[in-house]
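Peer 1: Contents of input_0.cif (mmCIF, C-alpha atoms):
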```cif
data_model
#
loop_
_atom_site.label_atom_id
_atom_site.label_comp_id
_atom_site.auth_asym_id
_atom_site.auth_seq_id
_atom_site.Cartn_x
_atom_site.Cartn_y
_atom_site.Cartn_z
CA MET A 33 66.50 97.41 111.61
CA LEU A 34 66.60 94.13 113.56
CA ALA A 35 69.28 95.47 115.89
CA ARG A 36 67.17 98.54 116.57
CA ARG A 37 64.01 96.49 117.08
CA PHE A 38 65.48 93.83 119.39
CA GLY A 39 68.53 95.52 120.90
CA ASP A 40 70.81 92.53 120.22
CA PHE A 41 73.50 93.29 117.67
CA ALA A 42 75.18 89.86 117.51
CA THR A 43 71.92 87.88 117.16
CA ALA A 44 70.62 90.34 114.56
CA GLU A 45 73.73 89.69 112.47
CA ASP A 46 73.07 85.93 112.65
CA ALA A 47 69.43 86.39 111.69
CA VAL A 48 70.32 88.52 108.66
CA GLN A 49 72.85 85.93 107.53
CA GLU A 50 70.13 83.26 107.75
CA ALA A 51 67.78 85.45 105.69
CA LEU A 52 70.45 86.00 103.04
CA LEU A 53 71.15 82.28 102.90
CA ALA A 54 67.42 81.60 102.45
CA ALA A 55 67.31 84.17 99.64
CA ALA A 56 70.31 82.62 97.90
CA THR A 57 68.56 79.24 98.04
CA GLN A 58 64.97 80.21 97.22
CA TRP A 59 65.17 83.16 94.84
CA PRO A 60 66.92 81.33 91.98
CA ALA A 61 64.14 78.70 92.08
CA ASP A 62 61.09 80.83 92.98
CA GLY A 63 62.06 84.11 91.33
CA LEU A 64 62.84 87.52 92.79
CA PRO A 65 60.10 88.77 95.17
CA ALA A 66 58.36 92.07 94.45
CA ASN A 67 60.06 93.69 97.44
CA PRO A 68 63.37 91.89 98.06
CA CYS A 69 64.35 94.09 101.00
CA GLY A 70 60.97 93.60 102.69
CA TRP A 71 61.27 89.85 102.10
CA LEU A 72 64.69 89.79 103.78
CA ILE A 73 63.42 91.83 106.73
CA GLN A 74 60.43 89.54 107.18
CA VAL A 75 62.52 86.35 107.06
CA GLY A 76 65.20 87.90 109.27
CA TYR A 77 62.54 88.94 111.75
CA ARG A 78 61.16 85.41 111.94
CA ARG A 79 64.63 83.93 112.38
CA MET A 80 65.36 86.49 115.09
CA ILE A 81 62.25 85.39 116.98
CA GLU A 82 63.38 81.76 116.77
CA LEU A 83 66.84 82.58 118.08
CA ILE A 84 65.50 84.72 120.90
CA ARG A 85 63.01 82.10 122.02
CA GLY A 86 65.80 79.51 122.08
CA GLU A 87 67.13 80.90 125.35
CA GLN A 88 65.35 82.24 128.40
CA ALA A 89 67.54 85.33 128.53
CA ARG A 90 66.68 86.19 124.97
CA ARG A 91 62.97 85.71 125.64
CA ARG A 92 63.25 88.30 128.39
CA ARG A 93 65.07 90.66 126.03
CA GLU A 94 62.31 90.24 123.42
CA ASP A 95 59.62 91.14 125.95
CA LEU A 96 61.57 94.21 127.04
CA VAL A 97 61.96 95.46 123.48
CA ALA A 98 58.31 94.72 122.64
CA ARG A 99 57.12 96.81 125.59
CA ARG A 100 59.35 99.69 124.51
CA ASP A 101 57.80 99.96 121.02
CA PRO A 102 54.21 101.04 120.33
CA GLU A 103 51.88 98.14 119.58
CA ASP A 104 51.60 99.01 115.90
CA GLN A 105 55.39 98.70 115.53
CA ARG A 106 55.74 95.23 117.08
CA TYR A 107 55.40 93.36 113.82
CA ALA A 108 57.61 92.97 110.78
CA PRO A 109 56.66 95.24 107.89
CA ALA A 110 54.67 93.73 105.04
CA ALA A 111 56.71 92.46 102.10
CA ASP A 112 55.23 95.15 99.85
CA ASP A 113 55.79 97.96 102.38
CA GLU A 114 58.13 100.57 100.93
CA LEU A 115 61.16 101.43 103.04
CA THR A 116 61.49 105.09 103.98
CA ALA A 117 64.58 107.15 104.69
CA GLU A 118 63.80 106.97 108.42
CA ARG A 119 64.26 103.20 108.29
CA ASP A 120 67.79 103.41 106.89
CA ASP A 121 69.73 102.78 110.09
CA THR A 122 73.10 102.14 108.47
CA LEU A 123 74.67 105.38 109.66
CA VAL A 124 73.36 104.71 113.17
CA LEU A 125 74.92 101.25 113.04
CA LEU A 126 78.21 102.83 111.98
CA PHE A 127 78.27 105.05 115.05
CA LEU A 128 77.22 102.16 117.30
CA CYS A 129 80.08 99.96 116.10
CA CYS A 130 82.51 102.87 116.50
CA HIS A 131 81.66 103.36 120.18
CA PRO A 132 84.63 104.70 122.23
CA ALA A 133 84.33 101.66 124.53
CA LEU A 134 86.02 99.74 121.72
CA ALA A 135 89.64 100.12 120.71
CA PRO A 136 89.81 102.09 117.44
CA THR A 137 91.18 99.18 115.40
CA SER A 138 88.54 96.81 116.82
CA ALA A 139 85.75 99.31 116.17
CA VAL A 140 86.81 99.79 112.56
CA ALA A 141 87.21 96.05 111.99
CA LEU A 142 83.78 95.25 113.47
CA THR A 143 82.09 97.93 111.39
CA LEU A 144 83.73 96.78 108.18
CA ARG A 145 82.40 93.30 108.90
CA ALA A 146 78.90 94.28 110.02
CA VAL A 147 78.19 97.32 107.84
CA GLY A 148 80.61 97.07 104.95
CA GLY A 149 80.09 93.36 104.36
CA LEU A 150 83.83 92.73 103.98
CA SER A 151 85.21 89.31 104.83
CA THR A 152 87.66 88.85 107.69
CA ALA A 153 90.41 88.14 105.17
CA GLU A 154 89.70 91.37 103.27
CA ILE A 155 89.77 93.40 106.51
CA ALA A 156 93.02 91.74 107.56
CA ARG A 157 94.64 92.73 104.26
CA ALA A 158 93.44 96.32 104.69
CA PHE A 159 95.10 96.46 108.13
CA LEU A 160 98.18 94.52 107.00
CA VAL A 161 97.76 91.89 109.76
CA PRO A 162 97.20 88.09 109.73
CA GLU A 163 93.62 86.90 109.25
CA ALA A 164 93.60 85.07 112.61
CA THR A 165 94.55 88.25 114.43
CA MET A 166 91.72 90.16 112.77
CA ALA A 167 89.20 87.40 113.56
CA GLN A 168 90.08 87.69 117.25
CA ARG A 169 89.65 91.47 117.18
CA ILE A 170 86.21 91.22 115.61
CA SER A 171 85.10 88.52 118.06
CA ARG A 172 86.21 90.56 121.07
CA ALA A 173 84.49 93.67 119.71
CA LYS A 174 81.19 91.77 119.34
CA GLN A 175 81.47 90.51 122.91
CA ARG A 176 82.08 94.01 124.23
CA ILE A 177 79.11 95.42 122.28
CA ARG A 178 76.92 92.62 123.68
CA ALA A 179 78.08 93.20 127.26
CA SER A 180 77.84 96.99 127.12
CA GLY A 181 74.07 97.18 126.70
CA LEU A 182 74.45 100.10 124.29
CA SER A 183 71.21 101.51 122.92
CA PHE A 184 70.71 101.59 119.17
CA ARG A 185 70.48 105.31 118.43
CA MET A 186 72.40 108.11 116.80
CA PRO A 187 74.80 109.54 119.40
CA LYS A 188 74.21 113.01 120.74
CA PRO A 189 76.32 115.80 119.17
CA GLU A 190 78.68 115.88 122.15
CA GLU A 191 79.26 112.12 121.79
CA ARG A 192 79.95 112.08 118.05
CA SER A 193 83.42 113.60 118.16
CA ASP A 194 84.83 110.52 119.93
CA ARG A 195 83.56 108.27 117.13
CA LEU A 196 83.96 110.39 114.00
CA ALA A 197 87.53 109.37 113.22
CA ALA A 198 86.62 105.66 113.31
CA VAL A 199 83.45 106.23 111.25
CA ARG A 200 85.43 108.05 108.57
CA GLN A 201 88.10 105.36 108.52
CA VAL A 202 85.46 102.66 108.04
CA LEU A 203 83.85 104.54 105.17
CA TYR A 204 87.26 105.10 103.56
CA LEU A 205 88.24 101.43 103.84
CA VAL A 206 84.89 100.27 102.43
CA PHE A 207 85.37 102.64 99.52
CA THR A 208 88.96 101.50 98.99
CA GLU A 209 87.88 97.85 98.81
CA GLY A 210 85.19 98.85 96.32
CA HIS A 211 87.54 100.94 94.20
CA THR A 212 90.25 98.26 94.06
CA SER A 213 89.16 94.85 95.31
CA THR A 214 91.88 92.96 97.17
CA THR A 215 90.68 89.60 95.89
CA GLY A 216 88.60 88.00 93.17
CA PRO A 217 88.22 88.31 89.40
CA ASP A 218 87.03 91.93 89.23
CA LEU A 219 89.13 95.02 89.77
CA ARG A 220 86.23 97.03 91.20
CA ARG A 221 83.28 96.32 93.46
CA ILE A 222 81.05 99.14 92.31
CA ASP A 223 78.35 98.36 94.87
CA LEU A 224 80.76 98.84 97.77
CA ALA A 225 82.14 102.10 96.39
CA ALA A 226 78.64 103.45 95.74
CA GLU A 227 77.47 102.52 99.25
CA ALA A 228 80.51 104.19 100.82
CA ILE A 229 79.82 107.37 98.84
CA ARG A 230 76.12 107.26 99.80
CA LEU A 231 76.91 106.92 103.51
CA THR A 232 79.58 109.60 103.37
CA ARG A 233 77.05 111.94 101.77
CA SER A 234 74.74 111.23 104.71
CA LEU A 235 77.55 111.89 107.15
CA HIS A 236 78.45 115.16 105.42
CA ALA A 237 74.79 116.21 105.36
CA SER A 238 74.46 115.58 109.09
CA LEU A 239 77.75 117.39 109.86
CA PRO A 240 78.08 120.05 107.14
CA ASP A 241 80.68 122.06 109.08
CA ASP A 242 83.04 119.09 109.56
CA SER A 243 85.79 119.80 107.04
CA GLU A 244 87.35 116.35 107.24
CA SER A 245 84.06 114.59 106.41
CA ALA A 246 83.75 116.95 103.43
CA GLY A 247 87.31 116.08 102.46
CA LEU A 248 86.52 112.37 102.62
CA LEU A 249 83.50 112.78 100.34
CA ALA A 250 85.61 114.85 97.93
CA LEU A 251 88.33 112.17 97.93
CA MET A 252 85.82 109.45 97.08
CA LEU A 253 84.22 111.44 94.29
CA LEU A 254 87.53 112.48 92.74
CA THR A 255 88.90 108.92 92.93
CA GLU A 256 85.78 107.15 91.68
CA ALA A 257 85.49 109.67 88.82
CA ARG A 258 88.37 107.81 87.14
CA GLY A 259 86.65 104.44 87.59
CA PRO A 260 85.14 104.05 84.10
CA ALA A 261 88.58 104.41 82.49
CA ARG A 262 90.41 102.03 84.86
CA THR A 263 89.38 98.84 83.07
CA GLY A 264 89.38 97.72 79.47
CA PRO A 265 86.77 95.72 77.51
CA SER A 266 87.76 92.46 79.20
CA GLY A 267 88.05 93.95 82.68
CA GLU A 268 91.80 94.36 82.45
CA LEU A 269 93.50 97.01 84.60
CA ILE A 270 94.55 100.21 82.82
CA SER A 271 97.17 102.31 84.59
CA LEU A 272 96.67 106.03 85.16
CA VAL A 273 99.14 107.02 82.48
CA ASP A 274 97.26 104.99 79.83
CA GLN A 275 93.70 105.94 80.77
CA ASP A 276 91.39 107.81 78.40
CA ARG A 277 90.75 110.93 80.47
CA GLY A 278 87.76 111.74 78.33
CA ARG A 279 85.95 108.87 80.06
CA TRP A 280 86.43 110.39 83.51
CA ASP A 281 83.27 111.65 85.22
CA ALA A 282 83.46 115.43 84.83
CA ALA A 283 80.49 116.08 87.12
CA ALA A 284 82.00 114.06 89.96
CA ILE A 285 85.32 115.85 89.49
CA ALA A 286 83.64 119.26 89.62
CA GLU A 287 81.74 118.32 92.78
CA GLY A 288 84.84 116.90 94.45
CA VAL A 289 86.98 119.92 93.61
CA ALA A 290 84.30 122.26 94.95
CA LEU A 291 84.05 120.28 98.20
CA VAL A 292 87.77 120.23 98.93
CA THR A 293 88.16 123.88 97.89
CA ARG A 294 85.56 124.87 100.49
CA ALA A 295 86.88 122.51 103.16
CA LEU A 296 90.59 123.37 103.14
CA PRO A 297 90.32 127.01 104.27
CA ARG A 298 87.98 126.07 107.16
CA GLY A 299 90.46 123.71 108.81
CA PRO A 300 91.83 121.99 110.66
CA VAL A 301 93.41 120.21 107.70
CA GLY A 302 93.29 116.42 108.02
CA PRO A 303 94.57 113.50 105.94
CA TYR A 304 91.40 113.09 103.86
CA GLN A 305 91.49 116.72 102.75
CA VAL A 306 95.15 116.35 101.77
CA GLN A 307 94.41 113.17 99.79
CA ALA A 308 91.48 114.92 98.13
CA ALA A 309 93.78 117.78 97.11
CA ILE A 310 96.18 115.24 95.57
CA ALA A 311 93.33 113.54 93.71
CA ALA A 312 92.13 116.92 92.43
CA LEU A 313 95.56 117.67 90.97
CA HIS A 314 95.50 114.33 89.13
CA ASP A 315 91.94 114.83 87.87
CA GLU A 316 92.47 118.38 86.65
CA ALA A 317 95.64 117.55 84.69
CA THR A 318 95.25 116.93 80.97
CA SER A 319 97.98 114.27 80.97
CA THR A 320 100.56 112.60 83.19
CA GLU A 321 103.23 114.95 81.85
CA GLN A 322 101.10 118.03 82.62
CA THR A 323 100.41 116.92 86.21
CA ASP A 324 101.76 119.23 88.93
CA TRP A 325 104.10 116.62 90.41
CA PRO A 326 106.07 119.03 92.66
CA GLN A 327 102.81 120.06 94.33
CA ILE A 328 101.75 116.42 94.67
CA LEU A 329 105.10 115.54 96.25
CA ALA A 330 104.75 118.40 98.73
CA LEU A 331 101.27 117.21 99.67
CA TYR A 332 102.47 113.63 100.16
CA GLU A 333 105.15 114.93 102.50
CA VAL A 334 102.44 116.68 104.51
CA LEU A 335 100.29 113.55 104.46
CA GLU A 336 103.15 111.36 105.64
CA ARG A 337 103.65 113.64 108.64
CA LEU A 338 99.95 113.36 109.45
CA VAL A 339 99.49 109.57 109.21
CA GLY A 340 102.88 107.84 108.91
CA SER A 341 101.47 105.05 106.73
CA PRO A 342 103.82 102.85 104.66
CA VAL A 343 101.36 103.07 101.74
CA VAL A 344 101.64 106.86 101.84
CA ALA A 345 105.42 106.50 101.87
CA LEU A 346 105.16 104.32 98.75
CA ASN A 347 103.13 106.98 96.98
CA ARG A 348 105.55 109.68 98.08
CA ALA A 349 108.42 107.65 96.60
CA ALA A 350 106.56 107.44 93.28
CA ALA A 351 105.98 111.21 93.31
CA THR A 352 109.66 111.71 94.18
CA ALA A 353 110.59 109.73 91.06
CA MET A 354 108.38 111.96 88.91
CA VAL A 355 110.05 115.09 90.27
CA HIS A 356 113.66 114.06 90.92
CA GLY A 357 114.06 110.93 88.78
CA PRO A 358 113.64 107.17 89.37
CA ALA A 359 116.92 106.81 91.28
CA ALA A 360 115.68 109.19 93.97
CA GLY A 361 112.39 107.30 94.12
CA LEU A 362 114.17 103.96 94.52
CA THR A 363 116.26 105.39 97.35
CA ALA A 364 113.05 106.40 99.11
CA LEU A 365 111.66 102.88 98.63
CA ASP A 366 114.80 101.32 100.14
CA ALA A 367 113.83 102.83 103.49
CA LEU A 368 110.65 100.72 103.44
CA ALA A 369 112.31 97.39 102.68
CA ASP A 370 112.29 96.25 106.33
CA ASP A 371 108.89 97.62 107.29
CA PRO A 372 107.00 94.59 108.71
CA ARG A 373 103.67 96.09 107.66
CA LEU A 374 104.64 95.57 104.01
CA ALA A 375 106.02 92.04 104.44
CA GLY A 376 104.34 89.81 101.88
CA ASN A 377 102.41 92.74 100.39
CA HIS A 378 102.54 93.28 96.63
CA ARG A 379 102.65 97.09 96.77
CA LEU A 380 106.38 97.44 97.50
CA PRO A 381 107.71 95.20 94.69
CA ALA A 382 105.13 96.71 92.31
CA ALA A 383 106.35 100.23 93.08
CA ARG A 384 109.96 99.13 92.80
CA ALA A 385 109.28 97.45 89.45
CA HIS A 386 107.68 100.61 88.07
CA LEU A 387 110.65 102.75 89.09
CA HIS A 388 113.17 100.23 87.73
CA GLU A 389 111.25 100.33 84.45
CA MET A 390 111.40 104.14 84.48
CA ALA A 391 115.16 103.90 85.01
CA GLY A 392 115.54 101.47 82.11
CA ASP A 393 116.65 98.59 84.35
CA ARG A 394 114.65 95.94 82.54
CA GLU A 395 115.95 92.86 84.40
CA ARG A 396 115.21 94.20 87.87
CA ALA A 397 111.83 95.46 86.75
CA ILE A 398 110.90 91.99 85.46
CA VAL A 399 111.93 90.34 88.74
CA ASP A 400 109.92 92.82 90.81
CA TYR A 401 106.85 92.68 88.57
CA ARG A 402 106.79 88.90 88.88
CA ALA A 403 107.30 89.09 92.66
CA ALA A 404 104.42 91.55 92.97
CA ALA A 405 102.16 89.36 90.80
CA ALA A 406 102.87 86.38 93.07
CA ARG A 407 101.84 88.34 96.17
CA THR A 408 98.51 89.85 95.09
CA SER A 409 95.22 87.95 95.32
CA SER A 410 93.47 90.33 92.91
CA LEU A 411 93.31 88.61 89.53
CA PRO A 412 93.21 91.85 87.45
CA GLU A 413 96.27 93.18 89.28
CA GLN A 414 97.99 89.82 88.94
CA ARG A 415 97.36 89.75 85.18
CA TYR A 416 98.49 93.36 84.79
CA LEU A 417 101.76 92.79 86.65
CA THR A 418 102.44 89.55 84.80
CA MET A 419 101.81 91.20 81.45
CA ARG A 420 104.16 94.07 82.32
CA ALA A 421 106.89 91.55 83.08
CA ALA A 422 106.18 89.61 79.87
CA ARG A 423 106.22 92.77 77.76
CA LEU A 424 109.56 93.84 79.19
CA ALA A 425 111.00 90.36 78.70
CA ALA A 426 110.08 90.53 74.99
CA GLU A 427 111.74 93.93 74.46
CA PRO A 428 115.42 94.66 73.94
CA SER A 429 117.10 95.99 77.06
CA PRO A 430 117.38 99.84 77.03
CA ALA A 431 120.26 101.77 78.46
CA ILE A 432 120.01 102.45 82.20
CA GLN A 433 119.29 106.13 82.94
CA ASP A 434 120.64 108.12 85.85
#
```
Now, as a test, write the supplied structure out as structure tokens.

Peer 2:
Amino acid sequence: MLARRFGDFATAEDAVQEALLAAATQWPADGLPANPCGWLIQVGYRRMIELIRGEQARRRREDLVARRDPEDQRYAPAADDELTAERDDTLVLLFLCCHPALAPTSAVALTLRAVGGLSTAEIARAFLVPEATMAQRISRAKQRIRASGLSFRMPKPEERSDRLAAVRQVLYLVFTEGHTSTTGPDLRRIDLAAEAIRLTRSLHASLPDDSESAGLLALMLLTEARGPARTGPSGELISLVDQDRGRWDAAAIAEGVALVTRALPRGPVGPYQVQAAIAALHDEATSTEQTDWPQILALYEVLERLVGSPVVALNRAAATAMVHGPAAGLTALDALADDPRLAGNHRLPAARAHLHEMAGDRERAIVDYRAAAARTSSLPEQRYLTMRAARLAAEPSPAIQD
């Protein structure tokens, strides 16, 4: 709202941060206001005015924006003024940050920071790059947005196609961080996942014929449907094979399956539709043993040709093990050993540990579980991997299978 009102994205971000800091300081002492969002807007508006008046150039920008709005819209809304759907500018901000003037990686990184609320460290982990590199990308993207003079509005239909891929990637990465947090004591950040689903619903509603946006929404619903069964009473991680499938959200599964079923025949088929199809196969199976693993493996092979991601290759290796045995899966993982994008990441040793355990190679599984636990900053994942290693260490060594 502040960016739309004043036309200054970077300063609006600073003003909102000041408002949030004021809330964190005052609300615990004074109590929650009747309209928290209105309170934040009002404080952010005041801080914005202070920042703008601090420099002559910003005073001129304030005057320009004030003349552009009708007189009755030149003031912050009252604290008790209810927000309407028209005032939800989040999707507009998504498209603004994903402007084609920015490099795709910079656009996605900036949007994750500004819209998704992810930290620079979290974004860096999602892109598998150092934090300093990601900080530079975000800073350069902000400077380009500031210098471009872009207007805060939803792009015209002919302009959207250049930004859609970046918008979808942002929504997917926000959801992924919400579904499995890369850091901290909790496995899930339900607020992030819910916001990503809400925004993707808005995107799908605005572009109902875009099959890949429908596929993304289906993927989120089908993945999040398993959320209630992913943690135990103490917040501990529960693997897919051990989850109580009766706790899965049947309504979300039905909606997701319907979405991807309608989207796939329309084409063109993109990576989110393929991932949604994989998630549907998992969700519709009554058990791990009854899962259609050959079909999942075939879909991962298609997905790998579409995106070429090392994480997809890891998942394909796991599916290969379910179809052709753990030795075949381990051979597939060997090809990823020197991939620099996975250096220092916990996913590769975790996958290797799982397949060694499947093969009955207890000693190697223990080593890899411990290595994976040392590399992750997520406490639930760390505890899960450590416990797997401890459980194997306490068991007698089984015979190694072919």

Peer 1: Nearest residue to Arg279 of chain A out of A:Asp315, A:Asp62, A:Glu413, A:Glu227, using all atoms listed in the file?

Peer 2: A:Asp315

Peer 1: May I have the protein, DNA and RNA residues with an atom at most 12 Å from (73.3, 116.8, 111.9), counting only C-alpha atoms in the file's coordinates, returned as an NGL selection string?

Peer 2: :A and (123 or 186-190 or 192 or 233-242)

Peer 1: Can you measure atom CA of Ile155 of chain A to atom CA of Ala173 of chain A for me? One decimal in Å is fine.

Peer 2: 14.2 Å

Peer 1: With all atoms listed in the file as the atoms that count, which of A:Leu296, A:Pro217, A:Trp280, A:Ala250 lies nearest to Arg415 of chain A?

Peer 2: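 Using all atoms listed in the file, Arg415 of chain A sits closest to A:Pro217.
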
Peer 1: Any idea what's packed within 9 Å of segment 362-371 of chain A, counting all atoms listed in the file, ignoring anything in its chain fewer than 6 positions away? Could you give it as a ChimeraX atom specification?

Peer 2: /A:342,345-346,348-350,352-353,380,383-384,387-388

Peer 1: Could you dump the residues just selected with C-alpha atoms as a CSV table (one decimal), in the frame of the given file?

Peer 2:
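Saved result, result.csv, follows:
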```
chain,number,residue,atom,x,y,z
A,342,PRO,CA,103.8,102.8,104.7
A,345,ALA,CA,105.4,106.5,101.9
A,346,LEU,CA,105.2,104.3,98.8
A,348,ARG,CA,105.6,109.7,98.1
A,349,ALA,CA,108.4,107.6,96.6
A,350,ALA,CA,106.6,107.4,93.3
A,352,THR,CA,109.7,111.7,94.2
A,353,ALA,CA,110.6,109.7,91.1
A,380,LEU,CA,106.4,97.4,97.5
A,383,ALA,CA,106.4,100.2,93.1
A,384,ARG,CA,110.0,99.1,92.8
A,387,LEU,CA,110.6,102.8,89.1
A,388,HIS,CA,113.2,100.2,87.7
```

Peer 1: Atom CA of Ala55 of chain A and atom CA of Pro68 of chain A, how far apart in Å?

Peer 2: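 We find that atom CA of Pro68 of chain A and atom CA of Ala55 of chain A lie 8.8 Å from each other.
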
Peer 1: What would the selection look like, as a CSV table (one decimal) with C-alpha atoms, in the coordinates of the input, if the PyMOL selection byres ((chain A and resi 178) around 10) were run on the coordinates I just shared?

Peer 2:
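Once everything was written out, this is part06.csv:
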```csv
chain,number,residue,atom,x,y,z
A,39,GLY,CA,68.5,95.5,120.9
A,40,ASP,CA,70.8,92.5,120.2
A,41,PHE,CA,73.5,93.3,117.7
A,42,ALA,CA,75.2,89.9,117.5
A,43,THR,CA,71.9,87.9,117.2
A,172,ARG,CA,86.2,90.6,121.1
A,173,ALA,CA,84.5,93.7,119.7
A,174,LYS,CA,81.2,91.8,119.3
A,175,GLN,CA,81.5,90.5,122.9
A,176,ARG,CA,82.1,94.0,124.2
A,177,ILE,CA,79.1,95.4,122.3
A,179,ALA,CA,78.1,93.2,127.3
A,180,SER,CA,77.8,97.0,127.1
A,181,GLY,CA,74.1,97.2,126.7
A,182,LEU,CA,74.4,100.1,124.3
```
